[in-house]
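First the structure, in the form of structure tokens, and then the observations on it.
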Amino acid sequence: MEALGAIGVRREAKLPVRPRRVGDFLLRTGSLGLALSVLAITATIATVLFVQSRQARVAFGWPFLWTSVWDPVALRFGALPFIYGTVMTTFLALAIAVPVGLGAAICLAELLPLRIADGLTFLIELLVAVPSVVYGLVGVFVLVPAMRGLETTIQGALGFIPLFSGPIYGVGLLTASVLLAVMVVPFIIAVSREVLLAVPETQREAALALGATRWEMVRHVVLPYARAGILGSIFLALARALGETMAVTMVIGNRPEVSASLFAPAYTMAAVLANEFTEATDDVYLSALVEVALVLFAITVVVNGIARLLIGRVPRPGAANT
Amino acid sequence: MRQRVWAAVVFGLVLAVVASRAAVLVTGAGATFPYPIYSKWFDEFHKRFSDLQINYQSIGSGGGIRQVLDGTIDFGATDGPMTDEQLASAKIPILHLPTVLGAVVPTFNLPGIERLRFTPEALAAIFLGKVTKWDDPAIAEANPGVKLPSQALVPVHRSDGSGTTYIFTDYLSKVSPEWQKTVGRNTSVNWPVGLGGKGNEGVAGLVKQTPNSIGYVELIYALQNKLPYGDVRNRAGKFVQASLDSVTAAAAGAENIPDDFRVSITDAPAATAYPIASFTWLLVPTRIADADKGAALKKFLEWMLSDGQSLAPPLNYAPLPPALVTRERQALSKITVGG
């Protein structure tokens with residue numbers, strides 16, 4: 001009750017500010033504690049990964065990052081194939097998902113009647129909630145055979161390019177990327193649409209009044225206005241793609257090898273952790289796996305840092321008005 | 001209102017105290033492969049002795065070994081025996097007790113072909129990447145009358161660390177010097193060729209989806225899912241189909257099982273033995289300070305070695321041969337309880 005009273009006083013703003021009440025104090029310390037807990041969790045993860053990977057860091061040093069041997073019998077470990085797999089699948093997935101997601105979001109926000117768009121958006125939000133193992137199963141039974149056919153066709157026409165060479169299994173880097181793209185597209189659509197809808201109607205009307213076509217309006221007014229939010233949706237998708245484990249491991253072929261071909265089987269960092277952690281009996285082996293987790297964490301931090309920088313450079317919608 | 005809450009809290013506490021008094025709780029963790037039979041055993045055991053309860057978590061052999069060494073659990077379980085260094089690092093000596101047997105079978109996807117025969121040399125060559133086509137003489141010579149396609153062969157292996165992989169690579173290490181030298185045995189290895197699938201279901205899924213592929217899965221998984229699987233030639237020169245009997249025969253025919261039961265029975269010499277078979281073990285500390293827990297665990301081990309064994313075949317686990325059971329019961333006397 002005290003807290004409510006305090007807010008009431010503030011809203012009326014007639015009375016002089018009273019000395020701070022218990023409620024204020026609780027709110028302040030409580031929320032500060034919650035905010036700090038985020039910091040604490042991040043710091044704990046980083047510390048645990050750093051400490052637990054000591055043995056591998058000592059044994060393999062920096063070359064761990066660019067060595068591609070992964071031999072649990074001889075206890076020689078290098079993370080390059082996993083780093084390559086994670087970065088490549090994420091990059092390819094976003095290359096597919098961003099145009100598709102953005103196009104769909106524009107259609108849902110600007111072109112379709114609201115009632116139909118709302119229905120479709122509801123379905124898209126359902127897709128976000130589908131567990132990744134289900135995506136993996138659909139991937140194994142539908143996407144893999146389809147990709148085998150598609151890859152055979154591509155190889156027939158463009159097989160001389162190393163990217164499309166080598167044996168075709170159906171599972172592999174490209175298949176995993178396509179599945180990841182399918183998984184992250186709903187994030188991009190759902191968030192981008194909300195952001196596009198939040199663009200003030202006055203902006204659109206102004207553009208149209210100046211004689212802009214619908215395309216010009218979207219291109220020059222709506223998209224720039226919503227840019228920060230759209231980038232945010234893409235980074236959300238990026239984070240999901242970087243960390244996705246189950247669905248990827250089901251369709252990527254799990255082969256720790258850096259290959260020129262997109263059709264070749266590959267491996268990702270999250271997948272090798274999930275696969276090998278439980279049965280890693282040797283200390284160095286376990287430590288090497290933890291170091292892979294540390295590298296994944298570092299890559300996530302770097303990627304998110306870049307994301308922050310990019311968003312920081314984009315003027316916020318509020319600033320555009322003033 | 002407040003009084004009621006207090007009453008509930010007190011009641012809950014009383015209940016918790018009563019419950020903790022009534023049951024002795026023993027905790028274990030480790031191997032996932034024997035989890036179905038273990039959970040059946042612990043369940044049946046609890047039904048028989050309602051004051052004794054065993055809680056088992058299938059966190060993987062690696063976790064089982066680590067936790068039993070740390071002393072955070074009362075017993076562990078593993079699909080591959082502990083190494084000498086691991087045993088040496090234990091504060092209290094640890095006993096290996098075989099519980100049941102598992103086997104690994106080669107499964108394949110060749111349209112129109114249900115049964116095949118594999119020589120040890122062919123299996124090693126396939127997974128080394130030396131044999132790349134199905135109609136290679138290494139496979140064809142063991143299968144007269146079977147029309148093998150001249151297609152590229154796609155080997156499939158487990159991507160997750162597993163006891164299944166340990167058994168399979170242990171076998172290949174024994175039958176192929178080259179495998180022993182270039183790959184070796186472990187729960188995960190550096191595979192020279194092939195695709196990786198997660199779990200038995202992952203390997204089976206990839207094999208089903210990929211024409212002309214060959215993989216390996218647990219016998220139980222192959223039986224339950226009615227996958228085609230090949231016979232393997234054993235050391236006596238006979239092609240043997242994997243079955244509960246031929247797996248138990250591998251254990252019965254194993255020579256020189258040491259007193260600590262840490263033994264690999266792949267490539268067993270008996271004529272009826274299926275060659276890719278292995279024990280799975282419980283890891284029990286030889287000194288258990290808590291007298292109640294120690295007594296409960298010992299009681300369970302006795303029961304598991306007698307009545308418990310008959311529960312294994314219905315779940316497709318091969319039971320231990322009788323001679324080994326006798327030796328294990330004698331070994332139980334090494335476990336001291338209390339103090």
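A note on labels: chains of the structure tokens are A, B, ... as shown, every chain counts residues from 1, and ligands are counted from 1 in their shown order.
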
request  = Could you tell me, as a PyMOL selection string, which residues of segment 144-310 of chain B DSSP assigns to strand (DSSP E or B) when given the backbone?
outcome  = chain B and resi 152+154-158+195-197+213-218+229+231-233+239-240+277-285+287-288

Can I get the selected residues back with N, CA and C atoms, as a short mmCIF file (atom, residue, chain, number, x, y, z; two decimals), in the first residue's frame?
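Result saved to again-v6.cif:
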data_model
loop_
_atom_site.label_atom_id
_atom_site.label_comp_id
_atom_site.auth_asym_id
_atom_site.auth_seq_id
_atom_site.Cartn_x
_atom_site.Cartn_y
_atom_site.Cartn_z
N ALA B 152 28.44 -46.28 -54.34
CA ALA B 152 29.30 -45.77 -53.26
C ALA B 152 28.62 -46.04 -51.92
N VAL B 154 28.01 -45.43 -47.97
CA VAL B 154 28.03 -44.29 -47.04
C VAL B 154 28.08 -44.80 -45.61
N PRO B 155 29.24 -44.74 -44.94
CA PRO B 155 29.29 -45.18 -43.55
C PRO B 155 28.64 -44.14 -42.62
N VAL B 156 27.93 -44.63 -41.62
CA VAL B 156 27.30 -43.74 -40.64
C VAL B 156 27.74 -44.18 -39.25
N HIS B 157 28.14 -43.22 -38.42
CA HIS B 157 28.58 -43.56 -37.06
C HIS B 157 27.87 -42.67 -36.05
N ARG B 158 28.07 -42.96 -34.78
CA ARG B 158 27.46 -42.12 -33.73
C ARG B 158 28.24 -40.82 -33.64
N LEU B 195 29.22 -40.14 -42.00
CA LEU B 195 28.34 -39.15 -41.40
C LEU B 195 28.11 -39.51 -39.94
N GLY B 196 27.80 -38.51 -39.12
CA GLY B 196 27.52 -38.76 -37.71
C GLY B 196 26.06 -38.54 -37.40
N GLY B 197 25.46 -39.48 -36.68
CA GLY B 197 24.07 -39.33 -36.23
C GLY B 197 24.03 -39.36 -34.72
N SER B 213 23.75 -46.93 -47.41
CA SER B 213 24.51 -46.57 -46.22
C SER B 213 24.66 -47.78 -45.31
N ILE B 214 25.63 -47.70 -44.39
CA ILE B 214 25.83 -48.73 -43.38
C ILE B 214 26.19 -48.03 -42.07
N GLY B 215 25.56 -48.45 -40.99
CA GLY B 215 25.86 -47.87 -39.69
C GLY B 215 25.91 -48.96 -38.64
N TYR B 216 26.08 -48.57 -37.38
CA TYR B 216 26.04 -49.55 -36.32
C TYR B 216 25.14 -49.05 -35.20
N VAL B 217 24.32 -49.93 -34.64
CA VAL B 217 23.43 -49.57 -33.53
C VAL B 217 23.46 -50.68 -32.49
N GLU B 218 22.92 -50.37 -31.31
CA GLU B 218 22.77 -51.39 -30.29
C GLU B 218 21.81 -52.46 -30.78
N TYR B 229 19.96 -56.31 -39.94
CA TYR B 229 21.36 -56.23 -39.51
C TYR B 229 22.12 -57.47 -39.91
N ASP B 231 25.13 -60.51 -40.08
CA ASP B 231 25.90 -61.45 -39.27
C ASP B 231 27.37 -61.04 -39.33
N VAL B 232 28.10 -61.37 -38.29
CA VAL B 232 29.52 -61.03 -38.27
C VAL B 232 30.31 -62.31 -38.00
N ARG B 233 31.41 -62.45 -38.73
CA ARG B 233 32.23 -63.65 -38.55
C ARG B 233 33.04 -63.53 -37.26
N PHE B 239 30.00 -67.36 -39.10
CA PHE B 239 29.18 -66.16 -39.19
C PHE B 239 28.04 -66.30 -38.18
N VAL B 240 27.96 -65.37 -37.23
CA VAL B 240 26.98 -65.48 -36.15
C VAL B 240 26.04 -64.29 -36.20
N ALA B 277 30.33 -57.72 -28.60
CA ALA B 277 29.51 -57.70 -27.39
C ALA B 277 30.32 -57.15 -26.23
N SER B 278 29.64 -56.70 -25.20
CA SER B 278 30.37 -56.16 -24.06
C SER B 278 29.51 -56.19 -22.80
N PHE B 279 30.20 -56.21 -21.65
CA PHE B 279 29.52 -55.99 -20.39
C PHE B 279 29.18 -54.53 -20.25
N THR B 280 28.24 -54.24 -19.34
CA THR B 280 28.13 -52.89 -18.80
C THR B 280 28.25 -53.05 -17.30
N TRP B 281 28.89 -52.06 -16.65
CA TRP B 281 29.31 -52.25 -15.26
C TRP B 281 28.64 -51.27 -14.29
N LEU B 282 28.47 -51.73 -13.05
CA LEU B 282 28.22 -50.80 -11.95
C LEU B 282 29.55 -50.54 -11.27
N LEU B 283 29.75 -49.32 -10.80
CA LEU B 283 30.99 -48.95 -10.10
C LEU B 283 30.64 -48.74 -8.63
N VAL B 284 31.13 -49.64 -7.78
CA VAL B 284 30.74 -49.58 -6.38
C VAL B 284 31.99 -49.39 -5.52
N PRO B 285 32.01 -48.36 -4.67
CA PRO B 285 33.15 -48.18 -3.75
C PRO B 285 33.22 -49.37 -2.79
N ARG B 287 34.26 -49.38 0.22
CA ARG B 287 33.96 -49.03 1.61
C ARG B 287 32.84 -48.00 1.61
N ILE B 288 31.73 -48.36 2.24
CA ILE B 288 30.60 -47.45 2.28
C ILE B 288 30.36 -47.07 3.73
#

Given only C-alpha atoms, how would the per-residue table for chain B near chain A read, listing every residue at most 10 Å away with its closest atom pair and distance in Å to one decimal, sorted by chain and number, as a Markdown table?
| residue | atom | partner | partner_atom | distance |
| --- | --- | --- | --- | --- |
| B:Gly30 | CA | A:Thr278 | CA | 9.1 |
| B:Ala31 | CA | A:Glu279 | CA | 8.5 |
| B:Thr32 | CA | A:Thr278 | CA | 9.6 |
| B:Ser58 | CA | A:Thr278 | CA | 9.5 |
| B:Ile59 | CA | A:Thr278 | CA | 6.3 |
| B:Gly60 | CA | A:Thr278 | CA | 4.9 |
| B:Ser61 | CA | A:Glu279 | CA | 5.4 |
| B:Gly62 | CA | A:Thr281 | CA | 4.2 |
| B:Gly63 | CA | A:Thr278 | CA | 6.2 |
| B:Gly64 | CA | A:Glu279 | CA | 9.0 |
| B:Ile65 | CA | A:Thr281 | CA | 7.2 |
| B:Arg66 | CA | A:Thr281 | CA | 7.5 |
| B:Thr78 | CA | A:Glu279 | CA | 9.4 |
| B:Asp79 | CA | A:Glu279 | CA | 9.7 |
| B:Gly80 | CA | A:Thr281 | CA | 9.7 |
| B:Met82 | CA | A:Thr281 | CA | 8.8 |
| B:Thr83 | CA | A:Thr281 | CA | 9.6 |
| B:Gln86 | CA | A:Asp282 | CA | 9.0 |
| B:Ala152 | CA | A:Pro167 | CA | 9.3 |
| B:Val154 | CA | A:Tyr169 | CA | 8.2 |
| B:Val156 | CA | A:Gly253 | CA | 9.0 |
| B:His157 | CA | A:Asn254 | CA | 9.4 |
| B:Arg158 | CA | A:Asn254 | CA | 8.9 |
| B:Ser159 | CA | A:Asn254 | CA | 6.1 |
| B:Asp160 | CA | A:Asn275 | CA | 3.9 |
| B:Gly161 | CA | A:Glu276 | CA | 4.7 |
| B:Ser162 | CA | A:Glu279 | CA | 6.1 |
| B:Gly163 | CA | A:Glu279 | CA | 8.1 |
| B:Thr182 | CA | A:Ala74 | CA | 9.5 |
| B:Val183 | CA | A:Val73 | CA | 7.2 |
| B:Gly184 | CA | A:Val73 | CA | 6.2 |
| B:Arg185 | CA | A:Val73 | CA | 6.6 |
| B:Asn186 | CA | A:Val73 | CA | 6.0 |
| B:Thr187 | CA | A:Glu279 | CA | 6.5 |
| B:Ser188 | CA | A:Pro72 | CA | 6.2 |
| B:Val189 | CA | A:Pro72 | CA | 5.5 |
| B:Asn190 | CA | A:Asp71 | CA | 4.8 |
| B:Trp191 | CA | A:Arg255 | CA | 8.3 |
| B:Pro192 | CA | A:Arg255 | CA | 9.7 |
| B:Val193 | CA | A:Arg255 | CA | 8.5 |
| B:Gly194 | CA | A:Arg255 | CA | 7.5 |
| B:Leu195 | CA | A:Gly253 | CA | 4.9 |
| B:Gly196 | CA | A:Asn254 | CA | 4.7 |
| B:Gly197 | CA | A:Met250 | CA | 6.7 |
| B:Lys198 | CA | A:Met250 | CA | 6.8 |
| B:Gly199 | CA | A:Asn275 | CA | 8.7 |
| B:Gly202 | CA | A:Met250 | CA | 7.0 |
| B:Val203 | CA | A:Met250 | CA | 9.7 |
| B:Gly205 | CA | A:Val140 | CA | 7.6 |
| B:Leu206 | CA | A:Val140 | CA | 7.9 |
| B:Lys208 | CA | A:Phe141 | CA | 9.8 |
| B:Gln209 | CA | A:Pro145 | CA | 7.4 |
| B:Thr210 | CA | A:Tyr169 | CA | 7.1 |
| B:Pro211 | CA | A:Tyr169 | CA | 9.2 |
| B:Ser213 | CA | A:Tyr169 | CA | 9.8 |

inquiry  = Just want the 12 Å neighbourhood of segment 217-232 of chain A, counted on only C-alpha atoms, with same-chain residues fewer than 4 positions away dropped. Output as JSON, numbers by chain.
reply    = {"A": [94, 98, 99, 101, 102, 103, 105, 106, 107, 109, 110, 111, 187, 188, 189, 190, 191, 192, 193, 194, 195, 196, 197, 198, 199, 200, 201, 202, 203, 204, 205, 206, 207, 208, 209, 210, 211, 212, 213, 236, 237, 238, 239, 304, 306, 307, 308, 309, 310, 311, 312, 313, 314, 315, 316, 317, 318, 319, 320, 321]}

note = Pairwise distance, atom CA of Val131 of chain B with atom CA of Arg117 of chain B, equals 15.2 Å

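Near Lys91 of chain B, within 10 Å and counting only C-alpha atoms, sit Leu69, Asp70, Gly71, Leu87, Ala88, Ile94 and Pro285 of chain B, not including residues fewer than 3 positions from it in the same chain.
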
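Computed from the coordinates, the atom CA of Ala23 of chain B to atom CA of Leu52 of chain B distance equals 5.3 Å.
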
request  = Please indicate the distance in Å from atom CA of Phe261 of chain B to atom CA of Lys40 of chain B, rounded to one decimal place.
outcome  = 23.6 Å
